[in-house]
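*Asks:* Before I ask anything, let me first share the structure, which is written out below as structure tokens.
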Amino acid sequence: MRVVARINVAAIERNVTRLLGRVGPGTAICAVVKADGYGHGAVPAARAAVAGGATWLAVVTAAEATALRDGGIDARLLVLGPLRDDDLPEALDAGAEVVVWDAEGVERLERLGRPADVHVKLDSGMGRLGQRDADEALALCDRVAAAAHLRLSGAMTHFATADAPDDLYADQLARFTAWAADVRRRHPSAVLHAANSAALLRDPASHFDLVRPGIAIYGLDPMNHDAADHDLEPALEWHTRLAAVKPLLPGESVGYGRRFRAAEETTVGTASAGYADGVRRALTNTGTALVGGRRRPITGTVSMDSIGIDLGPGATDRAGDRVVLVGRDGDEHLSAEEVARTLGTINYEITCGIGPRVPRVHHRDGAPVPAAGPPVDRAARSGGTTAR
Ligand SMILES: *Cc1c(COP(=O)(O)O)cnc(C)c1O
């Protein structure tokens with residue numbers, strides 16, 4: 001294969017099990033597999049998360065919910081939304097639970113007249129989706145609970161700064177904790193949930209009934225430092241190959257715009273991955289790749305389909321040799337966190353940015369993964385409430 005992302009589903013499974021070990025017995029895991037499982041493949045990631053002990057899954061769009069059901073995934077499923085009239089029915093068809101934060105959202109559900117499990121979202125300080133006013137959010141809970149076809153399934157919020165010490169985090173947690181106590185008093189069966197990966201790892205007070213880790217299940221550090229800090233294993237490796245190797249004489253250049261010129265004689269390798277595959281163009285003359293177990297600089301302009309790599313004078317690497325863009329090679333490790341730091345971004349953007357042209361090959365500690373099960377027939381329980 002020209003370029004490939006190899007994903008170890010056993011690592012995802014173990015990461016979820018480790019995360020489950022960090023929460024109390026009363027707390028369940030909702031594994032977040034939006035955006036094609038952060039680039040890891042949503043269906044295999046979901047299956048691995050469930051095998052590791054997750055009892056819920058979350059996605060953002062109705063189409064993502066459908067894709068999980070088509071892939072044979074039958075766990076409780078939350079669509080974080082927002083959903084509009086044109087995609088709300090699809091989410092319910094998939095037997096997913098949905099989120100509302102204003103009267104309009106509840107009215108949309110009431111108009112549909114279909115059974116639905118509903119979570120009410122408080123904006124405790126993120127400033128994006130969610131109901132800002134706690135009293136209004138509580139009234140929405142009452143309204144959902146009282147509606148003929150609707151069930152108040154959960155009450156939630158989302159943190160803006162759980163990944164860094166910050167006053168806002170404490171503030172958000174306090175606001176949610178107070179509101180959640182009111183919700184619990186009036187609606188004891190509603191599932192309370194707030195924590196993303198960072199909050200899960202940093203603060204047990206954020207755990208409530210359910211935690212929603214995304215990045216951590218893939219073995220990536222929500223603090224963008226090092227997954228080993230949290231005893232997590234990265235599931236994804238990203239490889240390509242050298243397509244050509246040639247000597248470069250002083251003054252000769254590599255790639256568009258001649259942005260690399262050899263100061264002395266060296267060897268340049270051309271590797272088969274470019275920005276269309278997710279190798280960001282900003283890695284031009286700043287990125288790193290592993291070749292033959294050594295760290296080598298990305299040299300010259302990252303183009304659509306290839307990159308140059310300075311292999312050093314007298315290099316013995318050959319066309320066909322493996323190039324690691326993220327992962328291990330011998331004793332060397334190039335993490336998604338490191339690539340992200342080079343780019344001034346976060347690891348999330350690195351794995352989500354691996355392009356659709358890159359095949360995802362799933363394995364279980366190196367062994368082939370059995371074929372997917374049949375699609376789940378949602379007709380029987382479409383929009384219906386399910387046991388917790
Ligand atoms: C994406 C998302 C998460 C997961 O966040 P991570 O930082 O990846 O753990 C949790 N909750 C909501 C509402 C999200 O949108």
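We name chains A, B, ... following the order of the structure tokens; residues begin at 1 in each chain, and ligands are numbered from 1 as shown.
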How would you write, as a list in words, the set of residues no farther than 6 Å from ligand 1 when counting only C-alpha atoms and all ligand atoms?

*Replies:*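 Using only C-alpha atoms and all ligand atoms, everything at most 6 Å from ligand 1 comes to Val32, His158, Asn196, Ser197, Arg212, Pro213, Gly214, Ile215 and Pro222 of chain A.
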
*Asks:* Write out as a count of residues only each polymer residue whose atoms come within 9 Å of Val99 in chain A, counting only C-alpha atoms; drop sequence neighbours fewer than 4 positions from it.

*Replies:* 15

*Asks:* Env of range 59-69 of chain A: 6 Å cut, atoms = only C-alpha atoms, seq-sep filter 5 positions within chain, self excluded. Answer as a PyMOL selection string.

*Replies:* chain A and resi 33-34+43+79-81+90-91+94+375-376

*Asks:* May I have the selected residues written with all heavy atoms, as a compact mmCIF listing (two decimals), in the first residue's frame?

*Replies:*
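Writing done, so here's selection_23.txt:
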```
# COMPACT_ATOMS: atom_id res chain seq x y z
N VAL A 33 -17.09 8.51 19.25
CA VAL A 33 -16.53 8.00 17.98
C VAL A 33 -16.95 8.88 16.81
O VAL A 33 -17.03 8.42 15.67
CB VAL A 33 -16.92 6.52 17.75
CG1 VAL A 33 -16.29 5.63 18.82
CG2 VAL A 33 -18.43 6.32 17.73
N LYS A 34 -17.20 10.17 17.10
CA LYS A 34 -17.52 11.13 16.02
C LYS A 34 -16.32 11.25 15.08
O LYS A 34 -15.21 10.82 15.41
CB LYS A 34 -17.85 12.49 16.65
CG LYS A 34 -16.71 13.09 17.46
CD LYS A 34 -17.17 14.32 18.26
CE LYS A 34 -16.05 14.85 19.14
NZ LYS A 34 -16.54 15.92 20.04
N VAL A 43 -16.64 2.47 12.99
CA VAL A 43 -17.25 1.18 13.35
C VAL A 43 -16.26 0.29 14.11
O VAL A 43 -16.59 -0.21 15.19
CB VAL A 43 -17.85 0.49 12.10
CG1 VAL A 43 -18.22 -0.96 12.41
CG2 VAL A 43 -19.08 1.27 11.62
N VAL A 79 -26.56 11.17 19.92
CA VAL A 79 -26.17 12.11 18.87
C VAL A 79 -26.08 13.49 19.52
O VAL A 79 -27.09 14.04 19.98
CB VAL A 79 -27.16 12.12 17.70
CG1 VAL A 79 -26.77 13.19 16.69
CG2 VAL A 79 -27.18 10.76 17.01
N LEU A 80 -24.86 14.03 19.57
CA LEU A 80 -24.64 15.29 20.29
C LEU A 80 -25.25 16.48 19.55
O LEU A 80 -25.58 17.49 20.15
CB LEU A 80 -23.13 15.49 20.49
CG LEU A 80 -22.46 14.41 21.37
CD1 LEU A 80 -20.95 14.43 21.22
CD2 LEU A 80 -22.85 14.58 22.83
N GLY A 81 -25.36 16.36 18.23
CA GLY A 81 -26.02 17.40 17.44
C GLY A 81 -25.16 18.64 17.25
O GLY A 81 -23.96 18.58 17.48
N GLU A 90 -33.66 10.99 10.98
CA GLU A 90 -32.64 9.97 10.73
C GLU A 90 -32.01 9.51 12.04
O GLU A 90 -31.77 8.31 12.24
CB GLU A 90 -31.55 10.50 9.78
CG GLU A 90 -30.46 9.46 9.55
CD GLU A 90 -29.37 9.88 8.57
OE1 GLU A 90 -29.47 10.98 7.98
OE2 GLU A 90 -28.42 9.09 8.41
N ALA A 91 -31.75 10.44 12.95
CA ALA A 91 -31.17 10.07 14.25
C ALA A 91 -32.12 9.14 15.00
O ALA A 91 -31.70 8.14 15.57
CB ALA A 91 -30.87 11.32 15.06
N ALA A 94 -32.23 5.70 13.71
CA ALA A 94 -31.07 4.91 14.13
C ALA A 94 -31.20 4.47 15.59
O ALA A 94 -30.31 3.83 16.12
CB ALA A 94 -29.78 5.72 13.92
N PRO A 375 -25.77 -5.51 9.57
CA PRO A 375 -26.35 -4.25 10.04
C PRO A 375 -27.40 -4.53 11.12
O PRO A 375 -28.05 -5.56 11.09
CB PRO A 375 -27.02 -3.67 8.79
CG PRO A 375 -26.38 -4.36 7.65
CD PRO A 375 -25.94 -5.71 8.13
N VAL A 376 -27.55 -3.57 12.03
CA VAL A 376 -28.57 -3.70 13.08
C VAL A 376 -29.89 -3.20 12.52
O VAL A 376 -29.97 -2.13 11.96
CB VAL A 376 -28.17 -2.86 14.31
CG1 VAL A 376 -29.29 -2.88 15.34
CG2 VAL A 376 -26.88 -3.38 14.90
```

*Asks:* With a distance cut-off of 8 Å and only C-alpha atoms, select the neighbouring residues of Thr157 in chain A, excluding the residue or stretch itself and same-chain residues fewer than 4 positions from it, and output the selection as a list in words.

*Replies:*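 Residues meeting the cut-off are Lys121, Leu122, Asp123, Ser124, Gly130, Phe176, His193 and Ala194 of chain A.
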
*Asks:* Do a neighbour search on Val291 in chain A at 6 Å with only C-alpha atoms, toss out local chain neighbours closer than 2 positions, and write the hits as a list in words.

*Replies:* Gly293, Arg294 and Val323 of chain A

*Asks:* Could you take the residues named above and write them with C-alpha atoms, as a PDB file, in the first residue's frame?

*Replies:*
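Dumped to selection33.pdb:
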```pdb
ATOM      1  CA  GLY A 293      14.576   3.679  12.808  1.00  0.00           C
ATOM      2  CA  ARG A 294      16.055   7.186  12.592  1.00  0.00           C
ATOM      3  CA  VAL A 323       8.519   5.784   6.364  1.00  0.00           C
TER       4      VAL A 323
END
```

*Asks:* Please give the complete set of residues from range 104-223 of chain A that DSSP, run on the backbone, assigns to alpha helix (DSSP H), formatted as a VMD selection string.

*Replies:* chain A and resid 104 to 112 134 to 146 167 to 186 197 to 202

*Asks:* Write the residues of the preceding selection, restricted to C-alpha atoms, as a compact mmCIF listing (two decimals), in the first residue's frame.

*Replies:*
```
# COMPACT_ATOMS: atom_id res chain seq x y z
CA GLU A 104 -37.38 25.18 19.84
CA GLY A 105 -35.52 21.89 20.15
CA VAL A 106 -38.24 20.42 22.35
CA GLU A 107 -40.97 21.73 20.02
CA ARG A 108 -39.22 20.13 17.05
CA LEU A 109 -39.41 16.79 18.85
CA GLU A 110 -43.01 17.35 19.92
CA ARG A 111 -44.00 18.16 16.32
CA LEU A 112 -42.47 14.92 15.11
CA ALA A 134 -29.97 27.03 34.68
CA ASP A 135 -33.62 27.63 35.61
CA GLU A 136 -34.63 27.56 31.97
CA ALA A 137 -32.60 24.34 31.51
CA LEU A 138 -34.43 22.80 34.47
CA ALA A 139 -37.76 23.86 32.97
CA LEU A 140 -36.73 22.15 29.72
CA CYS A 141 -36.10 18.94 31.67
CA ASP A 142 -39.59 19.18 33.18
CA ARG A 143 -41.11 19.85 29.79
CA VAL A 144 -39.36 16.88 28.15
CA ALA A 145 -40.35 14.61 31.04
CA ALA A 146 -43.98 15.73 30.75
CA ASP A 167 -10.73 28.94 36.96
CA LEU A 168 -13.43 28.42 34.36
CA TYR A 169 -13.25 24.66 34.84
CA ALA A 170 -14.01 24.92 38.57
CA ASP A 171 -16.76 27.37 37.75
CA GLN A 172 -18.35 25.11 35.14
CA LEU A 173 -18.14 22.10 37.44
CA ALA A 174 -19.80 24.05 40.27
CA ARG A 175 -22.58 25.31 37.99
CA PHE A 176 -23.26 21.85 36.60
CA THR A 177 -23.07 20.14 40.00
CA ALA A 178 -25.69 22.49 41.45
CA TRP A 179 -27.98 22.14 38.44
CA ALA A 180 -27.52 18.37 38.30
CA ALA A 181 -28.61 18.09 41.94
CA ASP A 182 -31.88 19.86 41.04
CA VAL A 183 -32.36 17.61 38.01
CA ARG A 184 -31.70 14.51 40.11
CA ARG A 185 -34.26 15.57 42.73
CA ARG A 186 -37.00 16.02 40.13
CA SER A 197 -11.23 12.80 28.43
CA ALA A 198 -9.33 15.55 30.21
CA ALA A 199 -11.90 15.89 33.01
CA LEU A 200 -12.15 12.11 33.34
CA LEU A 201 -8.38 11.87 33.82
CA ARG A 202 -7.98 14.89 36.08
```

*Asks:* Got a sec: who's within 8 Å of range 259-268 of chain A, counting only C-alpha atoms, leaving out chain neighbours fewer than 3 positions off, as a compact mmCIF listing (two decimals) with N, CA and C atoms, in the first residue's frame?

*Replies:*
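Final output, result-v3.txt:
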```
# COMPACT_ATOMS: atom_id res chain seq x y z
N VAL A 245 14.93 7.36 -4.14
CA VAL A 245 16.05 7.86 -3.33
C VAL A 245 17.13 8.32 -4.30
N LYS A 246 17.65 9.53 -4.09
CA LYS A 246 18.70 10.00 -5.01
C LYS A 246 19.64 10.96 -4.30
N PRO A 247 20.85 11.05 -4.82
CA PRO A 247 21.80 11.98 -4.23
C PRO A 247 21.44 13.42 -4.57
N LEU A 248 21.79 14.31 -3.68
CA LEU A 248 21.53 15.73 -3.90
C LEU A 248 22.86 16.45 -3.72
N LEU A 249 23.24 17.22 -4.74
CA LEU A 249 24.53 17.93 -4.68
C LEU A 249 24.33 19.32 -4.11
N PRO A 250 25.37 19.90 -3.57
CA PRO A 250 25.25 21.26 -3.02
C PRO A 250 24.60 22.20 -4.02
N GLY A 251 23.63 22.97 -3.58
CA GLY A 251 22.94 23.92 -4.44
C GLY A 251 21.71 23.37 -5.11
N GLU A 252 21.58 22.05 -5.16
CA GLU A 252 20.38 21.47 -5.77
C GLU A 252 19.21 21.56 -4.78
N SER A 253 18.01 21.56 -5.33
CA SER A 253 16.84 21.80 -4.48
C SER A 253 15.85 20.66 -4.58
N VAL A 254 14.90 20.68 -3.63
CA VAL A 254 13.86 19.66 -3.56
C VAL A 254 12.49 20.33 -3.53
N GLY A 255 11.63 19.94 -4.47
CA GLY A 255 10.22 20.30 -4.37
C GLY A 255 9.87 21.68 -4.93
N TYR A 256 8.55 21.95 -4.93
CA TYR A 256 8.01 23.22 -5.43
C TYR A 256 8.65 24.40 -4.70
N ASN A 285 9.84 21.74 5.60
CA ASN A 285 11.12 22.09 6.25
C ASN A 285 11.06 22.13 7.79
N THR A 299 11.91 17.68 4.13
CA THR A 299 12.73 18.65 3.43
C THR A 299 12.03 19.13 2.18
N GLY A 300 11.94 20.43 2.04
CA GLY A 300 11.27 20.98 0.87
C GLY A 300 9.77 21.00 1.09
N THR A 301 9.09 21.57 0.11
CA THR A 301 7.64 21.80 0.22
C THR A 301 6.86 20.48 0.26
N GLY A 308 9.56 15.33 0.57
CA GLY A 308 10.98 15.02 0.52
C GLY A 308 11.49 14.78 1.92
N ILE A 309 12.45 13.86 2.04
CA ILE A 309 13.05 13.56 3.34
C ILE A 309 14.56 13.56 3.17
N ASP A 310 15.24 14.33 4.01
CA ASP A 310 16.71 14.37 3.94
C ASP A 310 17.25 13.15 4.68
N LEU A 311 17.77 12.21 3.92
CA LEU A 311 18.24 10.95 4.50
C LEU A 311 19.71 11.03 4.93
N GLY A 312 20.35 12.14 4.62
CA GLY A 312 21.74 12.31 5.03
C GLY A 312 22.71 11.80 3.98
N PRO A 313 23.96 12.28 4.04
CA PRO A 313 24.95 11.87 3.05
C PRO A 313 25.22 10.36 3.13
N GLY A 314 25.34 9.74 1.98
CA GLY A 314 25.69 8.32 1.93
C GLY A 314 24.64 7.39 2.49
N ALA A 315 23.36 7.84 2.52
CA ALA A 315 22.30 7.01 3.10
C ALA A 315 22.14 5.71 2.32
```
